[in-house]
$ cat input.tsv   # TSV, C-alpha atoms and all ligand atoms
chain	number	residue	atom	x	y	z
A	1	MET	CA	50.07	-18.93	44.05
A	2	TYR	CA	47.12	-16.65	43.42
A	3	ASP	CA	43.48	-17.49	44.25
A	4	ILE	CA	41.34	-16.39	41.33
A	5	ALA	CA	37.52	-16.49	41.28
A	6	ILE	CA	36.00	-17.27	37.90
A	7	ILE	CA	32.40	-16.23	37.21
A	8	SER	CA	31.54	-16.81	33.56
A	9	GLY	CA	27.85	-15.90	33.63
A	10	ASP	CA	25.76	-16.20	30.49
A	11	GLY	CA	26.03	-16.15	26.70
A	12	ILE	CA	29.40	-15.07	25.34
A	13	GLY	CA	30.53	-14.62	28.95
A	14	ASN	CA	31.18	-18.37	28.89
A	15	GLU	CA	32.94	-18.25	25.52
A	16	VAL	CA	35.33	-15.42	26.36
A	17	MET	CA	36.03	-16.84	29.82
A	18	GLU	CA	37.31	-20.00	28.11
A	19	SER	CA	39.82	-17.73	26.38
A	20	ALA	CA	40.91	-16.19	29.68
A	21	GLU	CA	41.35	-19.61	31.27
A	22	TYR	CA	43.26	-20.92	28.26
A	23	LEU	CA	45.62	-17.94	28.55
A	24	LEU	CA	46.11	-18.24	32.32
A	25	ASP	CA	46.79	-21.97	32.01
A	26	LYS	CA	49.63	-21.31	29.59
A	27	LEU	CA	51.38	-18.75	31.81
A	28	ASP	CA	54.29	-19.60	34.04
A	29	ILE	CA	52.36	-18.44	37.11
A	30	ASN	CA	50.49	-20.64	39.58
A	31	PHE	CA	46.80	-20.04	40.03
A	32	ASN	CA	44.17	-21.70	42.13
A	33	PHE	CA	40.78	-21.23	40.44
A	34	SER	CA	37.41	-21.24	42.21
A	35	TYR	CA	34.23	-21.15	40.19
A	36	GLY	CA	31.07	-19.22	41.00
A	37	GLU	CA	27.69	-19.00	39.29
A	38	ALA	CA	25.79	-15.80	38.48
A	39	GLY	CA	23.25	-14.48	36.01
A	40	PHE	CA	20.17	-15.64	34.16
A	41	GLU	CA	20.96	-19.35	33.92
A	42	CYS	CA	22.00	-19.30	37.55
A	43	PHE	CA	18.63	-17.77	38.47
A	44	ASN	CA	16.77	-20.50	36.60
A	45	LYS	CA	18.77	-23.11	38.48
A	46	ASN	CA	19.12	-21.58	41.95
A	47	GLY	CA	16.40	-18.91	42.19
A	48	THR	CA	18.96	-16.12	42.61
A	49	THR	CA	21.13	-14.20	40.13
A	50	LEU	CA	23.96	-13.98	42.66
A	51	PRO	CA	24.25	-16.84	45.19
A	52	GLU	CA	25.91	-16.18	48.55
A	53	GLU	CA	28.47	-18.85	47.66
A	54	THR	CA	29.59	-16.81	44.63
A	55	ILE	CA	30.01	-13.69	46.78
A	56	LYS	CA	32.02	-15.73	49.28
A	57	ILE	CA	34.32	-17.11	46.59
A	58	ALA	CA	34.90	-13.64	45.13
A	59	LYS	CA	35.54	-12.05	48.54
A	60	SER	CA	38.09	-14.66	49.54
A	61	SER	CA	40.05	-14.61	46.26
A	62	ASP	CA	43.00	-12.39	45.30
A	63	ALA	CA	41.02	-11.20	42.28
A	64	THR	CA	37.85	-12.09	40.37
A	65	LEU	CA	37.22	-12.51	36.66
A	66	PHE	CA	33.65	-11.98	35.49
A	67	GLY	CA	32.36	-12.77	31.99
A	68	ALA	CA	28.94	-11.26	31.38
A	69	SER	CA	25.39	-11.90	32.49
A	70	THR	CA	22.02	-11.69	30.75
A	71	SER	CA	19.54	-9.55	32.66
A	72	THR	CA	16.77	-11.44	34.46
A	73	PRO	CA	13.33	-9.77	34.48
A	74	GLY	CA	12.37	-8.56	37.96
A	75	GLN	CA	15.70	-9.57	39.47
A	76	PRO	CA	18.67	-7.46	40.57
A	77	SER	CA	21.75	-7.30	38.38
A	78	PRO	CA	24.38	-9.74	39.66
A	79	ILE	CA	27.31	-7.65	38.47
A	80	ILE	CA	26.02	-4.44	40.09
A	81	ASN	CA	25.45	-6.29	43.34
A	82	LEU	CA	28.79	-8.05	43.16
A	83	ARG	CA	30.55	-4.69	42.67
A	84	LYS	CA	28.72	-3.42	45.76
A	85	GLU	CA	29.45	-6.55	47.82
A	86	LEU	CA	33.15	-6.28	47.01
A	87	ASP	CA	33.06	-2.49	47.46
A	88	VAL	CA	34.98	-2.02	44.23
A	89	TYR	CA	34.10	1.65	43.96
A	90	ALA	CA	36.17	2.54	40.92
A	91	ASN	CA	35.42	1.15	37.48
A	92	LEU	CA	38.40	1.77	35.22
A	93	ARG	CA	37.76	1.54	31.48
A	94	PRO	CA	40.77	2.20	29.26
A	95	ILE	CA	40.06	3.18	25.65
A	96	LYS	CA	42.74	3.14	22.99
A	97	SER	CA	43.00	2.85	19.24
A	98	TYR	CA	44.75	-0.20	17.80
A	99	LYS	CA	46.81	-0.30	14.63
A	100	GLY	CA	44.85	-2.30	12.06
A	101	VAL	CA	41.43	-1.51	13.54
A	102	LYS	CA	39.25	1.22	12.14
A	103	SER	CA	39.27	4.02	14.69
A	104	ILE	CA	37.75	7.49	14.49
A	105	LYS	CA	41.29	8.89	15.04
A	106	ASP	CA	44.73	7.34	15.52
A	107	ASN	CA	46.41	7.60	18.92
A	108	ILE	CA	43.28	7.71	21.02
A	109	ASP	CA	44.33	6.89	24.57
A	110	PHE	CA	42.15	7.78	27.51
A	111	ILE	CA	40.55	6.10	30.48
A	112	ILE	CA	37.08	6.43	31.93
A	113	VAL	CA	36.89	6.34	35.71
A	114	ARG	CA	33.30	5.51	36.55
A	115	GLU	CA	31.86	5.72	40.06
A	116	ASN	CA	30.65	2.22	40.73
A	117	THR	CA	28.59	2.10	43.89
A	118	GLU	CA	25.81	4.69	43.66
A	119	GLY	CA	24.20	7.14	41.20
A	120	LEU	CA	21.30	5.81	39.15
A	121	TYR	CA	22.53	2.28	39.79
A	122	SER	CA	21.09	2.34	43.30
A	123	GLN	CA	18.43	-0.09	41.95
A	124	ILE	CA	16.02	1.74	44.24
A	125	GLU	CA	12.84	2.30	42.26
A	126	TYR	CA	9.33	2.72	43.60
A	127	GLY	CA	5.90	4.00	42.73
A	128	ASP	CA	2.76	2.64	41.18
A	129	ASP	CA	1.59	1.92	37.64
A	130	ASP	CA	1.31	5.62	36.77
A	131	LYS	CA	4.38	7.11	38.37
A	132	VAL	CA	7.68	5.46	39.07
A	133	ILE	CA	10.73	7.00	40.65
A	134	ALA	CA	14.38	5.93	40.51
A	135	GLU	CA	16.68	7.16	43.24
A	136	ARG	CA	19.91	8.79	42.14
A	137	VAL	CA	22.17	8.70	45.16
A	138	ILE	CA	25.28	10.87	45.12
A	139	THR	CA	27.40	11.18	48.25
A	140	ARG	CA	30.27	13.54	48.86
A	141	HIS	CA	32.32	10.62	50.19
A	142	ALA	CA	32.00	8.48	47.04
A	143	SER	CA	32.39	11.50	44.74
A	144	GLU	CA	35.63	12.58	46.42
A	145	ASN	CA	36.85	9.00	46.46
A	146	ILE	CA	36.35	8.54	42.73
A	147	SER	CA	37.92	11.93	41.92
A	148	GLU	CA	40.93	10.99	44.02
A	149	ILE	CA	41.35	7.80	41.96
A	150	ALA	CA	41.07	9.81	38.74
A	151	PHE	CA	43.76	12.32	39.77
A	152	LYS	CA	46.11	9.60	41.01
A	153	LEU	CA	45.66	7.81	37.70
A	154	ALA	CA	46.32	10.96	35.66
A	155	LYS	CA	49.54	11.43	37.61
A	156	ARG	CA	50.59	7.80	37.12
A	157	ARG	CA	49.74	7.82	33.40
A	158	ASN	CA	51.79	10.99	32.92
A	159	ASN	CA	50.15	11.40	29.53
A	160	LYS	CA	48.21	14.64	29.09
A	161	ASN	CA	48.07	15.14	32.87
A	162	LYS	CA	44.46	16.13	32.77
A	163	VAL	CA	41.20	15.02	34.36
A	164	THR	CA	37.81	15.84	32.84
A	165	CYS	CA	34.79	15.74	35.14
A	166	VAL	CA	31.56	14.81	33.35
A	167	HIS	CA	28.19	15.68	34.91
A	168	LYS	CA	24.85	17.34	34.26
A	169	SER	CA	24.82	19.90	37.05
A	170	ASN	CA	22.73	22.38	35.07
A	171	VAL	CA	19.74	20.05	35.51
A	172	LEU	CA	20.73	17.71	38.34
A	173	LYS	CA	21.70	20.71	40.42
A	174	LYS	CA	21.92	19.04	43.80
A	175	THR	CA	23.30	15.60	42.96
A	176	ASP	CA	25.73	16.64	40.26
A	177	GLY	CA	26.38	19.86	42.16
A	178	VAL	CA	27.94	17.69	44.85
A	179	PHE	CA	29.75	15.54	42.27
A	180	LYS	CA	31.33	18.56	40.56
A	181	GLU	CA	32.17	20.35	43.82
A	182	SER	CA	33.85	17.19	45.16
A	183	PHE	CA	35.92	16.98	41.98
A	184	TYR	CA	37.25	20.52	42.35
A	185	ASN	CA	37.89	19.99	46.08
A	186	VAL	CA	40.11	17.02	45.31
A	187	ALA	CA	41.74	18.90	42.41
A	188	LYS	CA	43.25	21.36	44.92
A	189	ASN	CA	45.61	18.60	46.04
A	190	TYR	CA	46.83	18.02	42.48
A	191	PRO	CA	47.97	21.43	41.17
A	192	GLU	CA	50.13	19.71	38.53
A	193	ILE	CA	47.08	18.08	36.91
A	194	ALA	CA	44.91	20.18	34.59
A	195	THR	CA	41.14	20.10	35.11
A	196	GLU	CA	38.07	20.69	33.02
A	197	ASP	CA	34.40	19.81	33.35
A	198	PHE	CA	31.78	19.24	30.69
A	199	TYR	CA	28.10	18.38	30.62
A	200	VAL	CA	27.53	14.78	29.67
A	201	ASP	CA	25.62	15.61	26.47
A	202	ALA	CA	28.42	17.85	25.20
A	203	THR	CA	30.95	15.17	26.18
A	204	ALA	CA	29.08	12.64	24.04
A	205	MET	CA	29.78	14.95	21.09
A	206	TYR	CA	33.36	15.90	22.02
A	207	LEU	CA	34.27	12.23	22.22
A	208	ILE	CA	33.52	12.05	18.50
A	209	THR	CA	34.73	15.48	17.38
A	210	ASP	CA	37.83	15.75	19.58
A	211	PRO	CA	38.68	12.38	21.20
A	212	LEU	CA	42.36	13.31	21.51
A	213	ASN	CA	41.40	15.97	24.06
A	214	PHE	CA	40.84	13.35	26.74
A	215	ASP	CA	43.22	11.72	29.20
A	216	VAL	CA	41.23	10.72	32.30
A	217	ILE	CA	37.44	11.13	32.41
A	218	VAL	CA	35.68	10.86	35.75
A	219	SER	CA	31.93	10.47	35.94
A	220	SER	CA	29.03	9.05	37.87
A	221	ASN	CA	27.74	5.52	37.40
A	222	LEU	CA	25.25	5.77	34.50
A	223	PHE	CA	27.07	8.50	32.55
A	224	GLY	CA	30.31	6.55	32.86
A	225	ASP	CA	28.56	3.44	31.58
A	226	ILE	CA	27.02	5.15	28.56
A	227	LEU	CA	30.19	7.02	27.64
A	228	SER	CA	32.28	3.86	27.85
A	229	ASP	CA	30.20	2.03	25.22
A	230	GLU	CA	30.34	5.13	23.03
A	231	SER	CA	34.10	5.34	23.55
A	232	ALA	CA	34.52	1.65	22.70
A	233	GLY	CA	32.68	2.43	19.47
A	234	LEU	CA	35.27	5.08	18.59
A	235	VAL	CA	38.08	2.54	18.55
A	236	GLY	CA	36.60	-0.63	17.06
A	237	GLY	CA	33.75	-1.75	19.28
A	238	LEU	CA	33.04	-3.62	22.46
A	239	GLY	CA	35.34	-6.49	21.49
A	240	LEU	CA	38.35	-4.38	22.49
A	241	ALA	CA	37.09	-2.78	25.69
A	242	PRO	CA	38.33	-4.19	29.02
A	243	SER	CA	37.58	-2.98	32.53
A	244	GLY	CA	38.70	-3.31	36.10
A	245	ASN	CA	36.65	-2.66	39.21
A	246	ILE	CA	38.95	-1.70	42.05
A	247	GLY	CA	38.39	-1.13	45.74
A	248	ASP	CA	40.55	-1.15	48.85
A	249	GLU	CA	40.20	-4.91	49.39
A	250	ASN	CA	39.10	-6.41	46.07
A	251	GLY	CA	39.58	-6.34	42.31
A	252	LEU	CA	36.95	-7.54	39.83
A	253	PHE	CA	37.81	-7.64	36.14
A	254	GLU	CA	35.34	-7.94	33.27
A	255	PRO	CA	34.85	-6.95	29.66
A	256	VAL	CA	32.70	-3.84	29.14
A	257	HIS	CA	30.34	-5.82	26.92
A	258	GLY	CA	27.34	-7.92	27.93
A	259	SER	CA	26.31	-11.47	27.09
A	260	ALA	CA	25.61	-10.59	23.42
A	261	PRO	CA	22.68	-12.98	22.78
A	262	ASP	CA	22.83	-12.05	19.07
A	263	ILE	CA	26.14	-13.89	18.63
A	264	ALA	CA	26.16	-16.25	21.63
A	265	GLY	CA	26.76	-19.92	20.90
A	266	LYS	CA	28.49	-19.25	17.57
A	267	ASN	CA	32.02	-19.03	19.00
A	268	ILE	CA	32.69	-15.79	17.15
A	269	ALA	CA	32.87	-13.39	20.12
A	270	ASN	CA	36.00	-11.29	20.15
A	271	PRO	CA	38.05	-12.56	23.12
A	272	CYS	CA	40.20	-9.40	23.38
A	273	SER	CA	38.04	-7.49	25.91
A	274	MET	CA	38.21	-10.47	28.25
A	275	ILE	CA	41.91	-11.08	27.58
A	276	LEU	CA	42.74	-7.40	28.14
A	277	SER	CA	40.66	-7.49	31.34
A	278	THR	CA	42.70	-10.52	32.41
A	279	ALA	CA	45.85	-8.46	31.78
A	280	MET	CA	44.41	-5.71	34.01
A	281	MET	CA	43.84	-8.39	36.66
A	282	LEU	CA	47.45	-9.59	36.38
A	283	ASP	CA	48.68	-6.01	36.71
A	284	TYR	CA	46.50	-5.62	39.82
A	285	ILE	CA	47.87	-8.73	41.54
A	286	GLY	CA	51.44	-7.64	40.77
A	287	GLU	CA	52.29	-9.59	37.58
A	288	LYS	CA	52.98	-6.37	35.71
A	289	GLU	CA	55.43	-7.76	33.16
A	290	THR	CA	53.04	-10.49	32.04
A	291	ALA	CA	50.22	-7.97	31.85
A	292	LEU	CA	52.30	-5.81	29.51
A	293	LYS	CA	53.19	-8.81	27.37
A	294	ILE	CA	49.53	-9.69	26.96
A	295	ASN	CA	48.63	-6.15	25.92
A	296	GLU	CA	51.43	-6.24	23.34
A	297	ALA	CA	50.32	-9.66	22.09
A	298	VAL	CA	46.80	-8.36	21.46
A	299	GLU	CA	48.26	-5.34	19.62
A	300	THR	CA	50.45	-7.62	17.48
A	301	VAL	CA	47.67	-10.05	16.49
A	302	VAL	CA	45.25	-7.23	15.72
A	303	ALA	CA	47.87	-5.33	13.69
A	304	LYS	CA	48.78	-8.44	11.66
A	305	GLY	CA	45.12	-8.63	10.72
A	306	LYS	CA	45.20	-12.31	9.77
A	307	ILE	CA	43.37	-13.98	12.64
A	308	LEU	CA	40.47	-11.77	13.62
A	309	THR	CA	36.91	-12.39	14.78
A	310	PRO	CA	34.09	-11.09	12.52
A	311	ASP	CA	33.53	-7.87	14.52
A	312	LEU	CA	37.05	-6.83	13.46
A	313	GLY	CA	36.43	-7.84	9.85
A	314	GLY	CA	37.89	-11.36	10.01
A	315	LYS	CA	36.48	-14.88	9.84
A	316	SER	CA	38.20	-16.51	12.79
A	317	LYS	CA	36.58	-18.16	15.77
A	318	THR	CA	37.00	-17.00	19.38
A	319	MET	CA	39.47	-19.76	20.23
A	320	GLU	CA	41.53	-19.27	17.05
A	321	MET	CA	42.12	-15.64	17.91
A	322	THR	CA	42.80	-16.59	21.53
A	323	GLN	CA	45.44	-19.12	20.48
A	324	ALA	CA	47.09	-16.58	18.18
A	325	ILE	CA	47.32	-14.10	21.06
A	326	VAL	CA	48.60	-16.69	23.53
A	327	LYS	CA	51.29	-17.77	21.02
A	328	GLU	CA	52.61	-14.19	21.09
A	329	VAL	CA	52.69	-14.21	24.90
A	330	ILE	CA	54.57	-17.43	25.59
B	401	LIG	P1	26.16	-6.42	24.59
B	401	LIG	O1	27.36	-5.71	25.07
B	401	LIG	O2	25.97	-7.81	25.02
B	401	LIG	O3	26.15	-6.38	22.98
B	401	LIG	C1	26.07	-5.16	22.24
B	401	LIG	C2	26.55	-5.40	20.81
B	401	LIG	O4	27.98	-5.60	20.79
B	401	LIG	C3	25.96	-6.67	20.19
B	401	LIG	O5	25.74	-6.43	18.82
B	401	LIG	C4	27.05	-7.71	20.37
B	401	LIG	O6	27.03	-8.73	19.41
B	401	LIG	C5	28.31	-6.86	20.26
B	401	LIG	N1	29.40	-7.44	21.08
B	401	LIG	C6	29.49	-7.37	22.42
B	401	LIG	N2	30.58	-8.01	22.84
B	401	LIG	C7	31.20	-8.51	21.74
B	401	LIG	C8	32.37	-9.28	21.52
B	401	LIG	N3	33.17	-9.69	22.54
B	401	LIG	N4	32.69	-9.63	20.25
B	401	LIG	C9	31.93	-9.22	19.23
B	401	LIG	N5	30.82	-8.48	19.36
B	401	LIG	C10	30.45	-8.13	20.61
B	401	LIG	O7	24.91	-5.51	25.02
B	401	LIG	P2	23.33	-5.78	24.85
B	401	LIG	O8	23.06	-6.52	23.61
B	401	LIG	O9	22.74	-4.46	25.06
B	401	LIG	O10	22.94	-6.69	26.10
B	401	LIG	C11	22.84	-8.11	26.06
B	401	LIG	C12	22.64	-8.64	27.46
B	401	LIG	O11	23.80	-8.41	28.24
B	401	LIG	C13	21.47	-7.97	28.21
B	401	LIG	O12	20.79	-8.93	28.95
B	401	LIG	C14	22.17	-6.97	29.11
B	401	LIG	O13	21.43	-6.67	30.25
B	401	LIG	C15	23.46	-7.72	29.43
B	401	LIG	N6	24.59	-6.86	29.79
B	401	LIG	C16	25.40	-7.36	30.77
B	401	LIG	C17	26.54	-6.70	31.13
B	401	LIG	C18	27.41	-7.33	32.16
B	401	LIG	O14	27.22	-8.47	32.51
B	401	LIG	N7	28.41	-6.65	32.64
B	401	LIG	C19	26.92	-5.42	30.50
B	401	LIG	C20	26.03	-5.02	29.43
B	401	LIG	C21	24.90	-5.71	29.12
B	402	MG	MG	27.52	-1.05	30.09

$ encode --input "input.tsv" --output "structure tokens" --more "lines below"
Ligand code: NAI
Ligand code: MG
Amino acid sequence: MYDIAIISGDGIGNEVMESAEYLLDKLDINFNFSYGEAGFECFNKNGTTLPEETIKIAKSSDATLFGASTSTPGQPSPIINLRKELDVYANLRPIKSYKGVKSIKDNIDFIIVRENTEGLYSQIEYGDDDKVIAERVITRHASENISEIAFKLAKRRNNKNKVTCVHKSNVLKKTDGVFKESFYNVAKNYPEIATEDFYVDATAMYLITDPLNFDVIVSSNLFGDILSDESAGLVGGLGLAPSGNIGDENGLFEPVHGSAPDIAGKNIANPCSMILSTAMMLDYIGEKETALKINEAVETVVAKGKILTPDLGGKSKTMEMTQAIVKEVI
């Protein structure tokens, strides 16, 4: 029996979470679900975007599933704060091309390892009307930690056996100086893994011109965030981009996308990012075989090309695509 916290959030977060729950219900594994609120609607109801009760539920579960939240003016981001509360310092964002989906190149297969607890996501901003300052916190501890995760992952993937460090140390000399130095310090312990480092602007181009170059990309919080949406765009969009936030004690799994107000309420959101995130969660709690099966089921349904949501060129609804995927799993 696994205790799973479910935080749907806002907009399509609710729609894709229904898909995840439908899938989990059909599996031959016992789960005990606890539900937590977070986000814009939660703020309107409770006066906070992330109630203590939600944090408690997430902390005491074996793993947490998060949908997406709409940002609330003047209020902190619930997902950033939840990541901090759970100390899930590594945000893993796998990117791969799928047969049947338009991709900039076939056989793209890399993973972005994004530092999750500091950088420009400190949410520390101050100043007056004329001058405002955002703090970009980079510590040696967190930088070495995230590099360690990236090298371990490159070793485990045994793919191109390479880690690319992405930074902007020519301008952010101190902060990204520490980030880059930490990366090469950790690299010394992994002589079998190749290393390279690029500036973030050049990386944004290389991802388009030479995406097959990449295996594991490690970067700070904001750069990792921006590059992961770009990378999702290389392989068919945000509908196919899952993520896992991992720490020593907790795992928090969520699609890369947001609450997508432009399509919310229409039941046409692609459920795959959430379903693939659920597979990452199952892998994390130890249900590796089921996780693999789910990944294969998504591949099969997408390759068949018959039951697809509009973002992938089809006409199906969220739940129709979900049911097609679940049919392949069970
Ligand atoms: P978004 O990721 O919600 O949407 C960007 C574009 O991708 C939209 O055109 C949307 O329709 C499309 N899209 C996203 N997910 C899709 C799916 N599953 N199927 C089909 N199409 C999909 O980003 P946007 O529009 O910049 O932000 C909307 C809201 O979400 C904002 O309030 C933002 O702050 C919030 N947000 C929340 C995140 C989170 O909770 N982790 C992450 C990113 C944004
Ligand atoms: Mg993002």

$ residues_around --input "input.tsv" --residues "Ile330 (chain A)" --least-positions-apart "5" --cutoff "10 Å" --atoms "all atoms listed in the file" --output "JSON, numbers by chain"
{"A": [23, 26, 27, 28, 290, 293, 294, 297, 325]}

$ atom_distance --input "input.tsv" --atom1 "CA of Thr48 (chain A)" --atom2 "atom P2 of ligand LIG 401 (chain B)"
21.0 Å

$ residues_near_ligand --input "input.tsv" --ligand "ligand LIG 401 (chain B)" --cutoff "9 Å" --atoms "only C-alpha atoms and all ligand atoms" --output "MDAnalysis selection string"
chainID A and resid 9:13 16 39:40 66:72 77:80 229 237:241 254:264 268:274 309:312 318

$ closest_residue --input "input.tsv" --among "A:Ile307, A:Ile7, A:Leu207, A:Leu252" --to "Ile104 (chain A)" --atoms "only C-alpha atoms"
A:Leu207

$ residues_around --input "input.tsv" --residues "Asn213 (chain A)" --least-positions-apart "2" --cutoff "12 Å" --atoms "all atoms listed in the file" --output "MDAnalysis selection string"
chainID A and resid 105 107:111 159:164 194:196 203 206:211 215:217

$ atom_distance --input "input.tsv" --atom1 "CA of Glu249 (chain A)" --atom2 "CA of Gln123 (chain A)"
23.5 Å

$ atom_distance --input "input.tsv" --atom1 "CA of Ser34 (chain A)" --atom2 "CA of Glu289 (chain A)"
24.3 Å

$ residues_around --input "input.tsv" --residues "region 142-146 of chain A" --least-positions-apart "6" --cutoff "6 Å" --atoms "only C-alpha atoms" --output "list in words"
Glu115, Phe179 and Ser182 of chain A

$ residues_around --input "input.tsv" --residues "Lys59 (chain A)" --least-positions-apart "4" --cutoff "9 Å" --atoms "all atoms listed in the file" --output "ChimeraX atom specification"
/A:5,54-55,63-64,85-86,249-250

$ write_last_selection --input "input.tsv" --atoms "C-alpha atoms" --output "PDB file, in the coordinates of the input"
ATOM      1  CA  ALA A   5      37.520 -16.490  41.280  1.00  0.00           C
ATOM      2  CA  THR A  54      29.590 -16.810  44.630  1.00  0.00           C
ATOM      3  CA  ILE A  55      30.010 -13.690  46.780  1.00  0.00           C
ATOM      4  CA  ALA A  63      41.020 -11.200  42.280  1.00  0.00           C
ATOM      5  CA  THR A  64      37.850 -12.090  40.370  1.00  0.00           C
ATOM      6  CA  GLU A  85      29.450  -6.550  47.820  1.00  0.00           C
ATOM      7  CA  LEU A  86      33.150  -6.280  47.010  1.00  0.00           C
ATOM      8  CA  GLU A 249      40.200  -4.910  49.390  1.00  0.00           C
ATOM      9  CA  ASN A 250      39.100  -6.410  46.070  1.00  0.00           C
TER      10      ASN A 250
END

$ closest_residue --input "input.tsv" --among "A:Lys188, A:His167, A:Lys131, A:Lys99" --to "Phe151 (chain A)" --atoms "all atoms listed in the file"
A:Lys188
